[in-house]
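Engineer: Below is the file run.cif, with mmCIF, C-alpha atoms.
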```cif
data_run
#
loop_
_atom_site.group_PDB
_atom_site.id
_atom_site.type_symbol
_atom_site.label_atom_id
_atom_site.label_comp_id
_atom_site.auth_asym_id
_atom_site.auth_seq_id
_atom_site.Cartn_x
_atom_site.Cartn_y
_atom_site.Cartn_z
ATOM 1 C CA MET A 1 6.574 -41.761 -9.163
ATOM 2 C CA PRO A 2 3.787 -42.501 -11.727
ATOM 3 C CA LYS A 3 2.431 -39.471 -13.572
ATOM 4 C CA ASN A 4 -1.046 -39.632 -11.989
ATOM 5 C CA ASN A 5 0.435 -39.895 -8.493
ATOM 6 C CA LEU A 6 2.702 -36.929 -9.191
ATOM 7 C CA ILE A 7 -0.272 -34.819 -10.329
ATOM 8 C CA ASP A 8 -2.209 -35.804 -7.192
ATOM 9 C CA PHE A 9 0.799 -34.951 -5.029
ATOM 10 C CA ILE A 10 1.205 -31.518 -6.616
ATOM 11 C CA THR A 11 -2.541 -30.824 -6.337
ATOM 12 C CA GLU A 12 -2.577 -31.720 -2.648
ATOM 13 C CA SER A 13 0.545 -29.634 -2.018
ATOM 14 C CA ILE A 14 -1.110 -26.604 -3.603
ATOM 15 C CA LYS A 15 -4.209 -27.143 -1.465
ATOM 16 C CA ARG A 16 -2.104 -27.387 1.713
ATOM 17 C CA ASN A 17 -0.190 -24.236 0.873
ATOM 18 C CA LYS A 18 -3.431 -22.359 0.173
ATOM 19 C CA LYS A 19 -4.911 -23.555 3.448
ATOM 20 C CA ASN A 20 -1.881 -22.242 5.348
ATOM 21 C CA GLN A 21 -1.724 -18.951 3.445
ATOM 22 C CA LYS A 22 -2.257 -15.968 5.739
ATOM 23 C CA GLU A 23 -1.969 -12.882 3.542
ATOM 24 C CA TYR A 24 -3.772 -12.100 0.295
ATOM 25 C CA SER A 25 -3.751 -9.113 -2.039
ATOM 26 C CA PHE A 26 -6.851 -6.915 -2.110
ATOM 27 C CA GLY A 27 -7.026 -3.655 -4.064
ATOM 28 C CA HIS A 28 -4.274 -1.353 -2.872
ATOM 29 C CA GLY A 29 -4.091 -3.244 0.421
ATOM 30 C CA TYR A 30 -4.324 -6.785 1.697
ATOM 31 C CA ALA A 31 -6.464 -9.365 3.485
ATOM 32 C CA PHE A 32 -5.071 -11.215 6.492
ATOM 33 C CA VAL A 33 -6.380 -14.530 7.826
ATOM 34 C CA LYS A 34 -5.908 -14.559 11.604
ATOM 35 C CA ASP A 35 -7.997 -17.684 12.188
ATOM 36 C CA PRO A 36 -8.663 -20.496 9.703
ATOM 37 C CA LEU A 37 -11.636 -20.370 7.365
ATOM 38 C CA PRO A 38 -13.868 -23.388 6.640
ATOM 39 C CA ASP A 39 -12.609 -25.674 3.877
ATOM 40 C CA ASN A 40 -15.455 -24.667 1.546
ATOM 41 C CA ILE A 41 -14.415 -20.995 1.513
ATOM 42 C CA ASP A 42 -12.288 -19.960 -1.476
ATOM 43 C CA LEU A 43 -10.828 -16.660 -0.316
ATOM 44 C CA ASP A 44 -9.183 -15.951 -3.676
ATOM 45 C CA TYR A 45 -12.611 -16.230 -5.295
ATOM 46 C CA VAL A 46 -14.236 -14.052 -2.607
ATOM 47 C CA LEU A 47 -11.709 -11.225 -2.944
ATOM 48 C CA GLU A 48 -11.551 -11.351 -6.738
ATOM 49 C CA THR A 49 -15.359 -11.285 -6.958
ATOM 50 C CA ILE A 50 -15.545 -8.205 -4.731
ATOM 51 C CA GLU A 51 -12.862 -6.467 -6.808
ATOM 52 C CA ASP A 52 -14.827 -7.273 -9.965
ATOM 53 C CA ILE A 53 -18.141 -6.043 -8.534
ATOM 54 C CA LEU A 54 -16.979 -2.887 -6.758
ATOM 55 C CA PRO A 55 -15.130 -0.220 -8.737
ATOM 56 C CA PRO A 56 -11.922 1.183 -7.167
ATOM 57 C CA ILE A 57 -13.646 4.332 -5.877
ATOM 58 C CA MET A 58 -15.906 2.177 -3.712
ATOM 59 C CA ARG A 59 -12.940 0.228 -2.303
ATOM 60 C CA SER A 60 -10.581 3.149 -1.783
ATOM 61 C CA GLY A 61 -11.375 3.531 1.913
ATOM 62 C CA VAL A 62 -10.389 -0.054 2.755
ATOM 63 C CA GLU A 63 -6.732 -0.632 3.547
ATOM 64 C CA SER A 64 -7.104 -4.156 4.903
ATOM 65 C CA ILE A 65 -9.530 -6.989 5.581
ATOM 66 C CA MET A 66 -8.925 -8.866 8.832
ATOM 67 C CA ILE A 67 -10.473 -12.332 9.040
ATOM 68 C CA GLY A 68 -10.851 -14.200 12.309
ATOM 69 C CA ASP A 69 -12.540 -14.510 15.677
ATOM 70 C CA PHE A 70 -12.474 -11.048 17.265
ATOM 71 C CA LYS A 71 -13.846 -10.212 20.716
ATOM 72 C CA GLU A 72 -16.052 -7.452 19.273
ATOM 73 C CA PHE A 73 -18.133 -10.099 17.505
ATOM 74 C CA ARG A 74 -19.110 -11.667 20.828
ATOM 75 C CA GLU A 75 -19.449 -8.398 22.727
ATOM 76 C CA ARG A 76 -21.640 -6.723 20.109
ATOM 77 C CA HIS A 77 -23.341 -9.846 18.687
ATOM 78 C CA ILE A 78 -22.166 -9.044 15.155
ATOM 79 C CA ASN A 79 -20.121 -10.865 12.514
ATOM 80 C CA ALA A 80 -18.360 -7.936 10.827
ATOM 81 C CA PHE A 81 -17.494 -4.269 11.355
ATOM 82 C CA PHE A 82 -15.448 -1.459 9.798
ATOM 83 C CA LYS A 83 -12.923 0.551 11.805
ATOM 84 C CA ASP A 84 -9.944 2.776 10.950
ATOM 85 C CA GLY A 85 -9.619 1.670 7.347
ATOM 86 C CA ALA A 86 -10.024 -2.042 8.085
ATOM 87 C CA VAL A 87 -12.906 -4.446 7.541
ATOM 88 C CA TYR A 88 -13.072 -7.062 10.292
ATOM 89 C CA VAL A 89 -15.049 -10.158 9.333
ATOM 90 C CA THR A 90 -15.648 -13.453 11.103
ATOM 91 C CA ASN A 91 -13.913 -16.593 9.878
ATOM 92 C CA SER A 92 -17.138 -18.493 10.643
ATOM 93 C CA GLN A 93 -18.729 -18.341 7.198
ATOM 94 C CA THR A 94 -21.417 -20.492 5.602
ATOM 95 C CA ASP A 95 -20.188 -20.175 2.017
ATOM 96 C CA ASN A 96 -18.445 -17.788 -0.389
ATOM 97 C CA ASP A 97 -21.595 -15.717 -1.000
ATOM 98 C CA ASP A 98 -22.123 -15.279 2.732
ATOM 99 C CA MET A 99 -18.606 -13.893 3.099
ATOM 100 C CA ILE A 100 -18.963 -11.624 0.066
ATOM 101 C CA ASP A 101 -22.166 -10.174 1.549
ATOM 102 C CA ASP A 102 -20.471 -9.455 4.881
ATOM 103 C CA ILE A 103 -17.454 -7.734 3.335
ATOM 104 C CA VAL A 104 -19.421 -5.649 0.817
ATOM 105 C CA HIS A 105 -21.736 -4.449 3.593
ATOM 106 C CA GLU A 106 -18.767 -3.227 5.643
ATOM 107 C CA ILE A 107 -17.130 -1.639 2.609
ATOM 108 C CA ALA A 108 -20.319 0.437 2.370
ATOM 109 C CA HIS A 109 -19.475 1.894 5.794
ATOM 110 C CA SER A 110 -16.021 2.826 4.524
ATOM 111 C CA VAL A 111 -17.739 4.696 1.671
ATOM 112 C CA GLU A 112 -19.765 6.579 4.294
ATOM 113 C CA ASP A 113 -16.563 7.660 6.027
ATOM 114 C CA LEU A 114 -15.177 9.037 2.769
ATOM 115 C CA TYR A 115 -18.331 10.576 1.317
ATOM 116 C CA GLY A 116 -20.573 11.232 4.310
ATOM 117 C CA TYR A 117 -21.224 14.854 3.321
ATOM 118 C CA GLU A 118 -22.262 13.938 -0.213
ATOM 119 C CA ILE A 119 -24.431 11.072 1.022
ATOM 120 C CA TYR A 120 -26.266 12.734 3.886
ATOM 121 C CA ALA A 121 -25.942 16.524 3.627
ATOM 122 C CA LEU A 122 -26.529 17.285 -0.040
ATOM 123 C CA GLU A 123 -29.925 17.226 -1.720
ATOM 124 C CA PRO A 124 -31.775 15.092 -2.594
ATOM 125 C CA ASN A 125 -31.953 14.134 1.064
ATOM 126 C CA ILE A 126 -31.442 10.471 1.906
ATOM 127 C CA THR A 127 -32.133 11.183 5.599
ATOM 128 C CA ARG A 128 -35.594 12.473 4.794
ATOM 129 C CA GLU A 129 -36.282 9.406 2.656
ATOM 130 C CA PHE A 130 -35.231 7.099 5.486
ATOM 131 C CA ARG A 131 -37.204 8.990 8.132
ATOM 132 C CA ASN A 132 -40.353 8.888 6.015
ATOM 133 C CA LYS A 133 -39.925 5.122 5.630
ATOM 134 C CA ARG A 134 -39.459 4.722 9.372
ATOM 135 C CA VAL A 135 -42.716 6.591 10.062
ATOM 136 C CA GLN A 136 -44.482 4.542 7.393
ATOM 137 C CA PHE A 137 -43.179 1.379 9.027
ATOM 138 C CA GLU A 138 -44.293 2.533 12.484
ATOM 139 C CA ASN A 139 -47.823 3.043 11.176
ATOM 140 C CA LEU A 140 -47.720 -0.408 9.612
ATOM 141 C CA LEU A 141 -46.723 -1.933 12.962
ATOM 142 C CA LYS A 142 -49.555 -0.123 14.720
ATOM 143 C CA ASN A 143 -52.020 -1.350 12.094
ATOM 144 C CA GLN A 144 -50.822 -4.872 12.911
ATOM 145 C CA LYS A 145 -51.519 -4.167 16.624
ATOM 146 C CA ILE A 146 -47.804 -4.341 17.426
ATOM 147 C CA ASN A 147 -46.839 -2.180 20.408
ATOM 148 C CA THR A 148 -44.100 0.258 19.340
ATOM 149 C CA GLN A 149 -43.282 0.932 23.018
ATOM 150 C CA GLY A 150 -43.012 4.698 22.573
ATOM 151 C CA PHE A 151 -39.855 4.580 20.442
ATOM 152 C CA ASP A 152 -39.164 7.611 18.266
ATOM 153 C CA PHE A 153 -39.189 6.162 14.759
ATOM 154 C CA GLY A 154 -38.085 9.545 13.418
ATOM 155 C CA ASP A 155 -34.703 9.229 15.159
ATOM 156 C CA VAL A 156 -32.375 8.042 12.397
ATOM 157 C CA GLU A 157 -29.297 7.277 14.525
ATOM 158 C CA TYR A 158 -28.428 3.839 15.893
ATOM 159 C CA SER A 159 -29.865 2.863 19.265
ATOM 160 C CA LEU A 160 -29.107 -0.462 20.933
ATOM 161 C CA GLU A 161 -32.481 -0.409 22.669
ATOM 162 C CA PHE A 162 -34.307 0.165 19.384
ATOM 163 C CA ASP A 163 -32.217 -2.539 17.671
ATOM 164 C CA ASP A 164 -33.142 -5.003 20.444
ATOM 165 C CA PHE A 165 -36.792 -4.012 20.129
ATOM 166 C CA LEU A 166 -36.802 -4.658 16.389
ATOM 167 C CA HIS A 167 -34.872 -7.899 16.268
ATOM 168 C CA GLN A 168 -35.723 -9.487 19.618
ATOM 169 C CA GLU A 169 -39.189 -8.186 20.483
ATOM 170 C CA ILE A 170 -40.640 -8.124 16.958
ATOM 171 C CA GLY A 171 -38.239 -10.624 15.372
ATOM 172 C CA TYR A 172 -36.680 -11.030 11.936
ATOM 173 C CA PRO A 173 -39.472 -13.065 10.306
ATOM 174 C CA THR A 174 -42.089 -10.383 11.073
ATOM 175 C CA LEU A 175 -39.718 -7.555 10.154
ATOM 176 C CA GLU A 176 -38.821 -9.180 6.840
ATOM 177 C CA SER A 177 -42.474 -9.735 5.984
ATOM 178 C CA LEU A 178 -43.649 -6.223 6.877
ATOM 179 C CA SER A 179 -40.656 -4.404 5.361
ATOM 180 C CA ILE A 180 -41.242 -5.695 1.816
ATOM 181 C CA GLY A 181 -41.682 -2.752 -0.527
ATOM 182 C CA ILE A 182 -40.362 -0.286 2.068
ATOM 183 C CA PHE A 183 -36.853 -1.468 2.986
ATOM 184 C CA THR A 184 -34.406 -3.725 1.137
ATOM 185 C CA ASP A 185 -34.158 -5.967 4.220
ATOM 186 C CA ALA A 186 -34.980 -5.994 7.916
ATOM 187 C CA TYR A 187 -31.543 -4.739 8.981
ATOM 188 C CA ALA A 188 -32.002 -1.571 6.904
ATOM 189 C CA ILE A 189 -34.640 -0.423 9.412
ATOM 190 C CA THR A 190 -32.091 -0.228 12.235
ATOM 191 C CA SER A 191 -30.474 3.156 11.435
ATOM 192 C CA ILE A 192 -29.642 5.570 8.626
ATOM 193 C CA ARG A 193 -26.158 4.038 8.316
ATOM 194 C CA GLU A 194 -27.548 0.524 7.959
ATOM 195 C CA TYR A 195 -30.135 1.844 5.510
ATOM 196 C CA PHE A 196 -27.304 3.089 3.312
ATOM 197 C CA ALA A 197 -25.159 -0.049 3.749
ATOM 198 C CA SER A 198 -28.055 -2.403 2.985
ATOM 199 C CA GLY A 199 -28.946 -0.347 -0.084
ATOM 200 C CA PHE A 200 -25.293 -0.371 -1.175
ATOM 201 C CA GLU A 201 -25.265 -4.154 -0.846
ATOM 202 C CA THR A 202 -28.453 -4.430 -2.900
ATOM 203 C CA TYR A 203 -27.095 -2.081 -5.580
ATOM 204 C CA PHE A 204 -23.991 -4.203 -6.173
ATOM 205 C CA LEU A 205 -25.128 -7.704 -5.185
ATOM 206 C CA GLY A 206 -28.896 -7.735 -5.469
ATOM 207 C CA ASP A 207 -31.819 -6.375 -7.457
ATOM 208 C CA ARG A 208 -30.788 -2.880 -8.524
ATOM 209 C CA ASP A 209 -34.155 -2.154 -10.145
ATOM 210 C CA TYR A 210 -35.951 -3.018 -6.902
ATOM 211 C CA LEU A 211 -33.711 -0.611 -4.981
ATOM 212 C CA LYS A 212 -34.428 2.129 -7.508
ATOM 213 C CA LYS A 213 -38.162 1.509 -7.144
ATOM 214 C CA ILE A 214 -38.426 1.556 -3.350
ATOM 215 C CA SER A 215 -35.479 3.845 -2.444
ATOM 216 C CA PRO A 216 -34.971 6.207 -5.394
ATOM 217 C CA ILE A 217 -32.896 8.768 -3.492
ATOM 218 C CA LEU A 218 -30.570 6.147 -2.029
ATOM 219 C CA TYR A 219 -30.204 4.626 -5.489
ATOM 220 C CA LYS A 220 -29.397 8.032 -6.963
ATOM 221 C CA LYS A 221 -26.789 8.767 -4.272
ATOM 222 C CA ILE A 222 -24.866 5.577 -5.023
ATOM 223 C CA LYS A 223 -25.052 6.239 -8.751
ATOM 224 C CA GLU A 224 -23.724 9.791 -8.237
ATOM 225 C CA LEU A 225 -20.786 8.492 -6.181
ATOM 226 C CA LEU A 226 -19.876 6.168 -9.032
ATOM 227 C CA GLN A 227 -19.631 9.156 -11.356
ATOM 228 C CA ASN A 228 -16.717 10.430 -9.260
ATOM 229 C CA ASP A 229 -14.626 7.439 -10.390
#
```
Would you mind giving the structure from this file in structure tokens?

Structural biologist:
Amino acid sequence: MPKNNLIDFITESIKRNKKNQKEYSFGHGYAFVKDPLPDNIDLDYVLETIEDILPPIMRSGVESIMIGDFKEFRERHINAFFKDGAVYVTNSQTDNDDMIDDIVHEIAHSVEDLYGYEIYALEPNITREFRNKRVQFENLLKNQKINTQGFDFGDVEYSLEFDDFLHQEIGYPTLESLSIGIFTDAYAITSIREYFASGFETYFLGDRDYLKKISPILYKKIKELLQND
């Protein structure tokens, strides 16, 4: 076999083996591919990037990452969730950055499980910061003549009805526009947990200075957790 043909054969063999690979190393655990990923997703790159970005203390609550088409995604209209030490993420991904965003966001929820008391109970109070932003946002909606339908914007816990109101009645484009300077993104408005997870994502993947400016207590909480490493 000519040298160039041999190199091509080896290259294609490596690609085929990678495509069929099911289990990957991640931190002190693993990632498992239940259903195939698109050809443009480089899972080695995704996992290595997350390990480089997030220090071990922020990954310590994740034992596994399960990748595939899970019924919860259809039932709850989501593309990722964290449960019992595992991040579940859809195999339907646009690109590597899209997948990194999804996984880092769910890792933030694992951090909540480990350090919930430090995040929410100790001063300075992140819950108060979030509630004040919610009230500020409610007033902004009213100024825009948007009917808030009697929802209690001071309630920081997740509500499906409130989520539907935000993202179906008001819609993402309006939420994104009005939330600038108050929340890191529209999803952060949904609940205190999503406020933390969106801020966590911004701290490690986005504009850290912007997070510090608009959410100083949330920024400080993440920075304090890092000092435990």

Engineer: Hey, what comes out of the PyMOL selection byres ((chain A and resi 138-155) around 12) on this file? Could you write it as a VMD selection string?

Structural biologist: chain A and resid 127 to 137 156 to 166 169 to 171 174 to 175 177 to 180 182 189 to 192

Engineer: Of the candidates A:Thr49, A:Gln21, A:Ser60, A:Asn125, which one gets nearest to Ile100 of chain A if we count all atoms listed in the file?

Structural biologist: A:Thr49

Engineer: For this file, the PyMOL selection byres ((chain A and resi 23-34) around 6) selects which residues, as an MDAnalysis selection string?

Structural biologist: chainID A and resid 22 35 63:68

Engineer: What do you get, as a CSV table (one decimal) with C-alpha atoms, in the frame of the given file, if you spell out every residue that the PyMOL selection byres ((chain A and resi 226) around 10) selects here?

Structural biologist:
```csv
chain,number,residue,atom,x,y,z
A,54,LEU,CA,-17.0,-2.9,-6.8
A,55,PRO,CA,-15.1,-0.2,-8.7
A,56,PRO,CA,-11.9,1.2,-7.2
A,57,ILE,CA,-13.6,4.3,-5.9
A,58,MET,CA,-15.9,2.2,-3.7
A,220,LYS,CA,-29.4,8.0,-7.0
A,221,LYS,CA,-26.8,8.8,-4.3
A,222,ILE,CA,-24.9,5.6,-5.0
A,223,LYS,CA,-25.1,6.2,-8.8
A,224,GLU,CA,-23.7,9.8,-8.2
A,225,LEU,CA,-20.8,8.5,-6.2
A,227,GLN,CA,-19.6,9.2,-11.4
A,228,ASN,CA,-16.7,10.4,-9.3
A,229,ASP,CA,-14.6,7.4,-10.4
```

Engineer: Point out the residue among A:Asn91, A:Tyr219, A:Tyr120, A:Asp69 with the least atom-to-atom distance to Asp39 of chain A, counting all atoms listed in the file.

Structural biologist: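 Of the candidates, the smallest distance to Asp39 of chain A is held by A:Asn91.
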
Engineer: Considering all atoms listed in the file, return as a list in words whatever protein or nucleic-acid residues lie within 9 Å of Leu43 of chain A, sequence-local ones (same chain, fewer than 2 positions apart) excluded.

Structural biologist: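 Within the cut-off, the hits are Tyr24, Leu37, Ile41, Tyr45, Val46, Leu47, Glu48, Asn96 and Met99 of chain A.
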
Engineer: Got time to write the residues from that selection, C-alpha atoms, as an mmCIF file, in the coordinates of the input?

Structural biologist:
```cif
data_model
loop_
_atom_site.group_PDB
_atom_site.id
_atom_site.type_symbol
_atom_site.label_atom_id
_atom_site.label_comp_id
_atom_site.auth_asym_id
_atom_site.auth_seq_id
_atom_site.Cartn_x
_atom_site.Cartn_y
_atom_site.Cartn_z
ATOM 1 C CA TYR A 24 -3.772 -12.100 0.295
ATOM 2 C CA LEU A 37 -11.636 -20.370 7.365
ATOM 3 C CA ILE A 41 -14.415 -20.995 1.513
ATOM 4 C CA TYR A 45 -12.611 -16.230 -5.295
ATOM 5 C CA VAL A 46 -14.236 -14.052 -2.607
ATOM 6 C CA LEU A 47 -11.709 -11.225 -2.944
ATOM 7 C CA GLU A 48 -11.551 -11.351 -6.738
ATOM 8 C CA ASN A 96 -18.445 -17.788 -0.389
ATOM 9 C CA MET A 99 -18.606 -13.893 3.099
#
```

Engineer: Given the choices A:Val62, A:Ile103, A:Ile53, A:Leu205, which gets closest to Asp84 of chain A if the distance is worked out from only C-alpha atoms?

Structural biologist: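 Closest to Asp84 of chain A of all the choices is A:Val62.
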
Engineer: Take atom CA of Thr202 of chain A and atom CA of Asp102 of chain A and report the distance between them in Å, one decimal.

Structural biologist: 12.2 Å

Engineer: Rank nothing, just name the residue among A:Ala121, A:Leu114, A:Val104, A:Val89 nearest to Ser198 of chain A, using only C-alpha atoms.

Structural biologist: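 Using only C-alpha atoms, Ser198 of chain A sits closest to A:Val104.
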
Engineer: If I take atom CA of Asp98 of chain A and atom CA of Tyr187 of chain A, how far is one from the other in Å, to one decimal?

Structural biologist: 15.5 Å

Engineer: To one decimal place, how far is atom CA of Arg208 of chain A from atom CA of Lys83 of chain A in Å?

Structural biologist: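 Result for atom CA of Arg208 of chain A versus atom CA of Lys83 of chain A: 27.3 Å, one decimal.
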
Engineer: For Glu201 of chain A, which residue out of A:His105, A:Arg76, A:Lys71, A:Arg59 is the nearest one, using only C-alpha atoms?

Structural biologist: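 Comparing A:His105, A:Arg76, A:Lys71, A:Arg59 against Glu201 of chain A, the winner is A:His105.
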
Engineer: Considering all atoms listed in the file, can you say which of A:Ile217, A:Tyr88, A:Glu51, A:Tyr210 comes closest to Ile126 of chain A?

Structural biologist: A:Ile217

Engineer: Around (-18.2, -1.1, 7.0) in the file's frame, which residues reach within 7 Å when counting all atoms listed in the file? Return as a PDB file with C-alpha atoms, in the frame of the given file?

Structural biologist:
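Final file, part-v2.pdb:
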```pdb
ATOM      1  CA  PHE A  81     -17.494  -4.269  11.355  1.00  0.00           C
ATOM      2  CA  PHE A  82     -15.448  -1.459   9.798  1.00  0.00           C
ATOM      3  CA  VAL A  87     -12.906  -4.446   7.541  1.00  0.00           C
ATOM      4  CA  HIS A 105     -21.736  -4.449   3.593  1.00  0.00           C
ATOM      5  CA  GLU A 106     -18.767  -3.227   5.643  1.00  0.00           C
ATOM      6  CA  ILE A 107     -17.130  -1.639   2.609  1.00  0.00           C
ATOM      7  CA  ALA A 108     -20.319   0.437   2.370  1.00  0.00           C
ATOM      8  CA  HIS A 109     -19.475   1.894   5.794  1.00  0.00           C
ATOM      9  CA  SER A 110     -16.021   2.826   4.524  1.00  0.00           C
TER      10      SER A 110
END
```
